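Data block for final-v2.cif (mmCIF, C-alpha atoms, pLDDT in the B column; chains and numbers go by the auth columns):
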```
data_target
loop_
_atom_site.group_PDB
_atom_site.id
_atom_site.type_symbol
_atom_site.label_atom_id
_atom_site.label_comp_id
_atom_site.label_asym_id
_atom_site.label_seq_id
_atom_site.Cartn_x
_atom_site.Cartn_y
_atom_site.Cartn_z
_atom_site.B_iso_or_equiv
_atom_site.auth_seq_id
_atom_site.auth_asym_id
ATOM 1 C CA MET A 1 0.000 0.000 0.000 95.00 1346 P
ATOM 2 C CA ARG A 2 1.150 3.520 -0.822 97.00 1347 P
ATOM 3 C CA GLU A 3 -0.054 6.584 1.043 98.00 1348 P
ATOM 4 C CA LEU A 4 -0.326 10.317 0.358 98.00 1349 P
ATOM 5 C CA ARG A 5 -0.898 13.177 2.788 97.00 1350 P
ATOM 6 C CA ILE A 6 -2.010 16.566 1.470 97.00 1351 P
ATOM 7 C CA HIS A 7 -1.438 19.721 3.517 96.00 1352 P
ATOM 8 C CA GLY A 8 -3.411 22.830 2.708 94.00 1353 P
ATOM 9 C CA ARG A 9 -5.622 25.500 4.152 92.00 1354 P
ATOM 10 C CA GLY A 10 -9.388 25.408 4.414 87.00 1355 P
ATOM 11 C CA GLY A 11 -10.883 26.492 1.110 86.00 1356 P
ATOM 12 C CA GLN A 12 -7.874 25.516 -1.040 89.00 1357 P
ATOM 13 C CA GLY A 13 -9.411 22.274 -2.243 91.00 1358 P
ATOM 14 C CA SER A 14 -7.289 19.722 -0.382 93.00 1359 P
ATOM 15 C CA VAL A 15 -10.267 17.411 0.076 93.00 1360 P
ATOM 16 C CA THR A 16 -11.246 17.791 -3.589 95.00 1361 P
ATOM 17 C CA ALA A 17 -7.650 17.039 -4.593 97.00 1362 P
ATOM 18 C CA ALA A 18 -7.658 13.825 -2.545 97.00 1363 P
ATOM 19 C CA GLU A 19 -10.969 12.749 -4.075 97.00 1364 P
ATOM 20 C CA LEU A 20 -9.769 13.460 -7.622 97.00 1365 P
ATOM 21 C CA ILE A 21 -6.533 11.522 -7.094 97.00 1366 P
ATOM 22 C CA ALA A 22 -8.508 8.577 -5.713 97.00 1367 P
ATOM 23 C CA VAL A 23 -10.921 8.637 -8.669 97.00 1368 P
ATOM 24 C CA ALA A 24 -8.057 8.814 -11.179 97.00 1369 P
ATOM 25 C CA ALA A 25 -6.224 5.917 -9.502 97.00 1370 P
ATOM 26 C CA PHE A 26 -9.417 3.861 -9.296 96.00 1371 P
ATOM 27 C CA LYS A 27 -9.980 4.380 -13.030 93.00 1372 P
ATOM 28 C CA SER A 28 -6.565 2.800 -13.535 88.00 1373 P
ATOM 29 C CA GLY A 29 -7.603 -0.333 -11.637 91.00 1374 P
ATOM 30 C CA VAL A 30 -6.118 0.480 -8.230 95.00 1375 P
ATOM 31 C CA GLN A 31 -8.041 0.261 -4.960 96.00 1376 P
ATOM 32 C CA THR A 32 -8.194 3.697 -3.329 97.00 1377 P
ATOM 33 C CA GLN A 33 -9.386 5.493 -0.256 96.00 1378 P
ATOM 34 C CA ALA A 34 -9.603 9.287 0.201 96.00 1379 P
ATOM 35 C CA PHE A 35 -10.620 11.134 3.360 94.00 1380 P
ATOM 36 C CA PRO A 36 -10.052 14.474 5.143 90.00 1381 P
ATOM 37 C CA ALA A 37 -8.951 15.368 8.657 83.00 1382 P
ATOM 38 C CA PHE A 38 -10.328 18.620 9.959 69.00 1383 P
ATOM 39 C CA GLY A 39 -12.721 19.863 12.572 66.00 1384 P
ATOM 40 C CA VAL A 40 -14.740 23.045 12.644 62.00 1385 P
ATOM 41 C CA GLU A 41 -11.829 25.174 11.462 62.00 1386 P
ATOM 42 C CA ARG A 42 -12.517 28.358 9.592 74.00 1387 P
ATOM 43 C CA ARG A 43 -11.490 29.065 6.019 80.00 1388 P
ATOM 44 C CA GLY A 44 -7.706 29.404 5.889 84.00 1389 P
ATOM 45 C CA ALA A 45 -6.992 27.099 8.824 87.00 1390 P
ATOM 46 C CA PRO A 46 -4.598 24.187 8.216 90.00 1391 P
ATOM 47 C CA VAL A 47 -6.283 20.998 6.967 92.00 1392 P
ATOM 48 C CA GLN A 48 -5.091 17.606 5.824 94.00 1393 P
ATOM 49 C CA ALA A 49 -6.476 15.121 3.355 95.00 1394 P
ATOM 50 C CA PHE A 50 -5.285 11.591 2.737 97.00 1395 P
ATOM 51 C CA VAL A 51 -5.223 9.034 -0.070 97.00 1396 P
ATOM 52 C CA ARG A 52 -4.302 5.368 0.001 97.00 1397 P
ATOM 53 C CA PHE A 53 -3.460 3.292 -3.089 96.00 1398 P
ATOM 54 C CA SER A 54 -3.304 -0.491 -3.116 97.00 1399 P
ATOM 55 C CA ASP A 55 -3.561 -3.396 -5.504 95.00 1400 P
ATOM 56 C CA GLU A 56 -5.638 -5.164 -2.850 95.00 1401 P
ATOM 57 C CA LYS A 57 -8.682 -4.188 -0.797 95.00 1402 P
ATOM 58 C CA ILE A 58 -7.927 -1.454 1.742 96.00 1403 P
ATOM 59 C CA ARG A 59 -9.195 -2.240 5.217 93.00 1404 P
ATOM 60 C CA LEU A 60 -7.144 0.295 7.180 92.00 1405 P
ATOM 61 C CA ARG A 61 -9.183 3.327 8.327 88.00 1406 P
ATOM 62 C CA SER A 62 -6.717 5.434 10.327 89.00 1407 P
ATOM 63 C CA GLN A 63 -5.068 8.701 9.417 89.00 1408 P
ATOM 64 C CA ILE A 64 -1.797 8.442 7.521 94.00 1409 P
ATOM 65 C CA TYR A 65 1.266 8.816 9.721 94.00 1410 P
ATOM 66 C CA HIS A 66 4.023 7.466 7.449 96.00 1411 P
ATOM 67 C CA PRO A 67 3.182 8.622 3.917 97.00 1412 P
ATOM 68 C CA ASN A 68 5.148 7.800 0.794 98.00 1413 P
ATOM 69 C CA TYR A 69 4.140 11.173 -0.639 98.00 1414 P
ATOM 70 C CA VAL A 70 3.320 14.603 0.730 98.00 1415 P
ATOM 71 C CA ILE A 71 1.758 17.480 -1.195 98.00 1416 P
ATOM 72 C CA VAL A 72 1.972 20.964 0.334 98.00 1417 P
ATOM 73 C CA GLN A 73 -0.486 23.366 -1.288 97.00 1418 P
ATOM 74 C CA ASP A 74 0.602 26.397 0.744 96.00 1419 P
ATOM 75 C CA SER A 75 4.307 26.652 1.557 95.00 1420 P
ATOM 76 C CA SER A 76 3.610 29.008 4.499 93.00 1421 P
ATOM 77 C CA LEU A 77 2.416 25.904 6.368 95.00 1422 P
ATOM 78 C CA ILE A 78 6.002 24.628 6.496 94.00 1423 P
ATOM 79 C CA ALA A 79 6.886 27.230 9.157 91.00 1424 P
ATOM 80 C CA ASP A 80 4.036 26.126 11.448 89.00 1425 P
ATOM 81 C CA ILE A 81 3.546 22.413 10.772 92.00 1426 P
ATOM 82 C CA ASP A 82 6.005 19.565 10.332 94.00 1427 P
ATOM 83 C CA VAL A 83 4.736 18.645 6.871 96.00 1428 P
ATOM 84 C CA PHE A 84 7.573 16.112 6.573 97.00 1429 P
ATOM 85 C CA ALA A 85 6.510 14.163 9.696 96.00 1430 P
ATOM 86 C CA GLY A 86 6.651 10.423 9.049 96.00 1431 P
ATOM 87 C CA LEU A 87 8.053 10.817 5.536 96.00 1432 P
ATOM 88 C CA GLU A 88 10.956 8.397 5.242 89.00 1433 P
ATOM 89 C CA ALA A 89 13.854 7.897 2.858 93.00 1434 P
ATOM 90 C CA GLY A 90 12.557 7.336 -0.650 95.00 1435 P
ATOM 91 C CA GLY A 91 9.535 9.548 -0.019 97.00 1436 P
ATOM 92 C CA ILE A 92 8.576 12.495 -2.200 97.00 1437 P
ATOM 93 C CA ALA A 93 7.442 15.930 -1.005 97.00 1438 P
ATOM 94 C CA LEU A 94 5.782 18.050 -3.700 98.00 1439 P
ATOM 95 C CA ILE A 95 5.618 21.685 -2.598 97.00 1440 P
ATOM 96 C CA ASN A 96 3.852 24.628 -4.214 97.00 1441 P
ATOM 97 C CA THR A 97 6.569 27.283 -4.123 96.00 1442 P
ATOM 98 C CA GLU A 98 9.205 28.930 -6.240 92.00 1443 P
ATOM 99 C CA LYS A 99 11.525 29.370 -3.228 91.00 1444 P
ATOM 100 C CA GLU A 100 13.845 26.870 -1.580 88.00 1445 P
ATOM 101 C CA VAL A 101 12.485 25.142 1.533 86.00 1446 P
ATOM 102 C CA GLN A 102 13.873 26.681 4.728 80.00 1447 P
ATOM 103 C CA ARG A 103 13.211 23.662 6.932 85.00 1448 P
ATOM 104 C CA ALA A 104 15.227 20.529 7.547 87.00 1449 P
ATOM 105 C CA VAL A 105 14.123 17.745 5.230 92.00 1450 P
ATOM 106 C CA PRO A 106 14.458 14.113 6.356 92.00 1451 P
ATOM 107 C CA GLU A 107 17.418 12.354 4.793 94.00 1452 P
ATOM 108 C CA GLY A 108 16.596 10.551 1.571 96.00 1453 P
ATOM 109 C CA VAL A 109 13.372 12.502 0.931 96.00 1454 P
ATOM 110 C CA LYS A 110 13.135 14.033 -2.530 96.00 1455 P
ATOM 111 C CA VAL A 111 11.689 17.554 -2.447 96.00 1456 P
ATOM 112 C CA ILE A 112 10.152 18.763 -5.689 96.00 1457 P
ATOM 113 C CA LEU A 113 9.157 22.394 -6.058 96.00 1458 P
ATOM 114 C CA VAL A 114 6.588 23.656 -8.530 97.00 1459 P
ATOM 115 C CA ASP A 115 5.129 27.141 -8.799 97.00 1460 P
ATOM 116 C CA ALA A 116 1.565 25.884 -9.059 97.00 1461 P
ATOM 117 C CA THR A 117 0.232 29.297 -8.078 97.00 1462 P
ATOM 118 C CA LYS A 118 1.762 30.884 -11.179 97.00 1463 P
ATOM 119 C CA ILE A 119 0.339 28.164 -13.439 98.00 1464 P
ATOM 120 C CA ALA A 120 -3.098 28.396 -11.812 97.00 1465 P
ATOM 121 C CA LEU A 121 -3.190 32.185 -12.158 97.00 1466 P
ATOM 122 C CA GLU A 122 -2.240 31.961 -15.835 97.00 1467 P
ATOM 123 C CA GLU A 123 -4.661 29.150 -16.721 97.00 1468 P
ATOM 124 C CA LEU A 124 -7.552 29.521 -14.265 95.00 1469 P
ATOM 125 C CA GLY A 125 -7.289 33.202 -13.420 95.00 1470 P
ATOM 126 C CA LEU A 126 -7.359 32.290 -9.722 94.00 1471 P
ATOM 127 C CA PRO A 127 -4.715 31.046 -7.258 94.00 1472 P
ATOM 128 C CA ILE A 128 -6.500 27.699 -6.842 94.00 1473 P
ATOM 129 C CA VAL A 129 -3.625 25.227 -7.089 96.00 1474 P
ATOM 130 C CA ASN A 130 -5.118 21.822 -6.313 96.00 1475 P
ATOM 131 C CA THR A 131 -5.623 20.564 -9.873 97.00 1476 P
ATOM 132 C CA THR A 132 -2.266 21.966 -10.997 98.00 1477 P
ATOM 133 C CA LEU A 133 -0.581 20.034 -8.191 98.00 1478 P
ATOM 134 C CA LEU A 134 -2.460 16.890 -9.253 98.00 1479 P
ATOM 135 C CA GLY A 135 -0.767 17.069 -12.644 98.00 1480 P
ATOM 136 C CA ALA A 136 2.581 17.491 -10.912 98.00 1481 P
ATOM 137 C CA PHE A 137 1.784 14.535 -8.614 98.00 1482 P
ATOM 138 C CA ALA A 138 0.948 12.356 -11.622 97.00 1483 P
ATOM 139 C CA ALA A 139 4.327 13.197 -13.165 97.00 1484 P
ATOM 140 C CA VAL A 140 6.486 12.568 -10.098 97.00 1485 P
ATOM 141 C CA SER A 141 4.672 9.622 -8.515 95.00 1486 P
ATOM 142 C CA GLY A 142 3.378 7.451 -11.331 93.00 1487 P
ATOM 143 C CA GLU A 143 0.397 6.603 -9.100 95.00 1488 P
ATOM 144 C CA ILE A 144 -2.060 8.168 -11.568 96.00 1489 P
ATOM 145 C CA THR A 145 -1.899 8.791 -15.286 96.00 1490 P
ATOM 146 C CA LEU A 146 -2.532 12.147 -16.881 96.00 1491 P
ATOM 147 C CA GLU A 147 -5.292 10.520 -18.946 97.00 1492 P
ATOM 148 C CA ALA A 148 -7.110 9.183 -15.871 97.00 1493 P
ATOM 149 C CA LEU A 149 -6.680 12.539 -14.131 97.00 1494 P
ATOM 150 C CA SER A 150 -8.099 14.374 -17.152 97.00 1495 P
ATOM 151 C CA GLU A 151 -11.091 12.032 -17.133 97.00 1496 P
ATOM 152 C CA ALA A 152 -11.672 12.633 -13.407 97.00 1497 P
ATOM 153 C CA LEU A 153 -11.440 16.409 -13.943 98.00 1498 P
ATOM 154 C CA SER A 154 -13.910 16.213 -16.839 97.00 1499 P
ATOM 155 C CA GLU A 155 -16.383 14.377 -14.619 96.00 1500 P
ATOM 156 C CA ARG A 156 -15.948 16.802 -11.714 96.00 1501 P
ATOM 157 C CA PHE A 157 -16.084 20.174 -13.486 96.00 1502 P
ATOM 158 C CA ALA A 158 -18.278 21.748 -16.181 93.00 1503 P
ATOM 159 C CA ASP A 159 -16.983 22.021 -19.758 92.00 1504 P
ATOM 160 C CA SER A 160 -14.816 25.169 -19.872 95.00 1505 P
ATOM 161 C CA LEU A 161 -13.748 24.850 -16.227 96.00 1506 P
ATOM 162 C CA ALA A 162 -12.735 21.242 -16.852 97.00 1507 P
ATOM 163 C CA GLU A 163 -10.692 22.311 -19.880 97.00 1508 P
ATOM 164 C CA LYS A 164 -8.862 24.999 -17.889 97.00 1509 P
ATOM 165 C CA ASN A 165 -8.106 22.606 -15.027 97.00 1510 P
ATOM 166 C CA ILE A 166 -6.907 19.911 -17.419 98.00 1511 P
ATOM 167 C CA LYS A 167 -4.631 22.442 -19.116 98.00 1512 P
ATOM 168 C CA ALA A 168 -3.154 23.572 -15.779 98.00 1513 P
ATOM 169 C CA ALA A 169 -2.603 19.944 -14.714 98.00 1514 P
ATOM 170 C CA THR A 170 -1.026 19.113 -18.084 98.00 1515 P
ATOM 171 C CA ILE A 171 1.402 22.053 -17.881 97.00 1516 P
ATOM 172 C CA ALA A 172 2.570 20.957 -14.426 98.00 1517 P
ATOM 173 C CA TYR A 173 2.771 17.336 -15.571 98.00 1518 P
ATOM 174 C CA ASN A 174 4.940 18.257 -18.559 97.00 1519 P
ATOM 175 C CA MET A 175 7.189 20.475 -16.414 96.00 1520 P
ATOM 176 C CA LEU A 176 7.930 17.678 -13.957 96.00 1521 P
ATOM 177 C CA LYS A 177 7.786 14.528 -16.092 92.00 1522 P
ATOM 178 C CA GLY A 178 11.043 12.684 -15.514 75.00 1523 P
ATOM 179 C CA GLU A 179 11.941 14.575 -12.286 74.00 1524 P
ATOM 180 C CA VAL A 180 12.072 11.393 -10.213 65.00 1525 P
#
```

Take the structure in the file and give it back as structure tokens.
Amino acid sequence: MRELRIHGRGGQGSVTAAELIAVAAFKSGVQTQAFPAFGVERRGAPVQAFVRFSDEKIRLRSQIYHPNYVIVQDSSLIADIDVFAGLEAGGIALINTEKEVQRAVPEGVKVILVDATKIALEELGLPIVNTTLLGAFAAVSGEITLEALSEALSERFADSLAEKNIKAATIAYNMLKGEV
């Protein structure tokens, strides 16, 4: 089983991102599970969402404490939260930023930076980075294909919005393909 933890802020679409990744992976024949972890926090408060991938039925129902992958939608969270907690050697941290990470990274963890905000602003007209980061995740993890992600985005969003999100995801995918 492989596991992903997504860090974001309320209203950034972390839960939607987890659901879309799970749908895309399921379309590829993998068993998946997506779920959030938050309480009654207000918009902008830190939230987490989780995804599990497995070739067999998933029976585990706990939060994810030792992920293989971490996605950080808002790099300002790194100063307040240990987003790398539980991430071990061989793990991948995908971070939405154009700046170098100013926090100690566990040994053997590959940190991949992508300016998803810039891509989202150019393609969507808004700083909503979740679907852009999904394209980047597809490129660096191999857990989902760009085709399956595009199909999941087409099912989730209306015509023109789906097209914009697919384009943003594709740009990020093409930028990072072959990074790992």

- d(CA of Leu1422 (chain P), CA of Glu1348 (chain P)) in Å: 20.2 Å

- Quick one, how far is CA of Val1375 (chain P) from CA of Ala1461 (chain P)? 26.6 Å

- For region 1480-1484 of chain P: contacts at 7 Å, only C-alpha atoms, fewer than 4 positions along chain excluded, given as a PyMOL selection string: chain P and resi 1476+1488-1491+1514-1515+1517-1518+1521-1522

- Item | Resolved residues for the PyMOL selection byres ((chain P and resi 1426) around 12) as a ChimeraX atom specification | /P:1352-1354,1390-1393,1417,1419-1425,1427-1430,1448

- Spatial neighbours of region 1465-1473 of chain P, 10 Å, only C-alpha atoms, chain gap at least 4 places, as JSON, numbers by chain: {"P": [1356, 1357, 1358, 1418, 1460, 1461, 1477, 1478, 1506, 1508, 1509, 1510, 1511, 1512, 1513, 1514, 1516, 1517]}

- Contact residues around Glu1445 (chain P) with only C-alpha atoms at 10 Å, ignoring same-chain residues under 6 positions, as a list of chain:residue names: P:Val1456, P:Ile1457, P:Leu1458
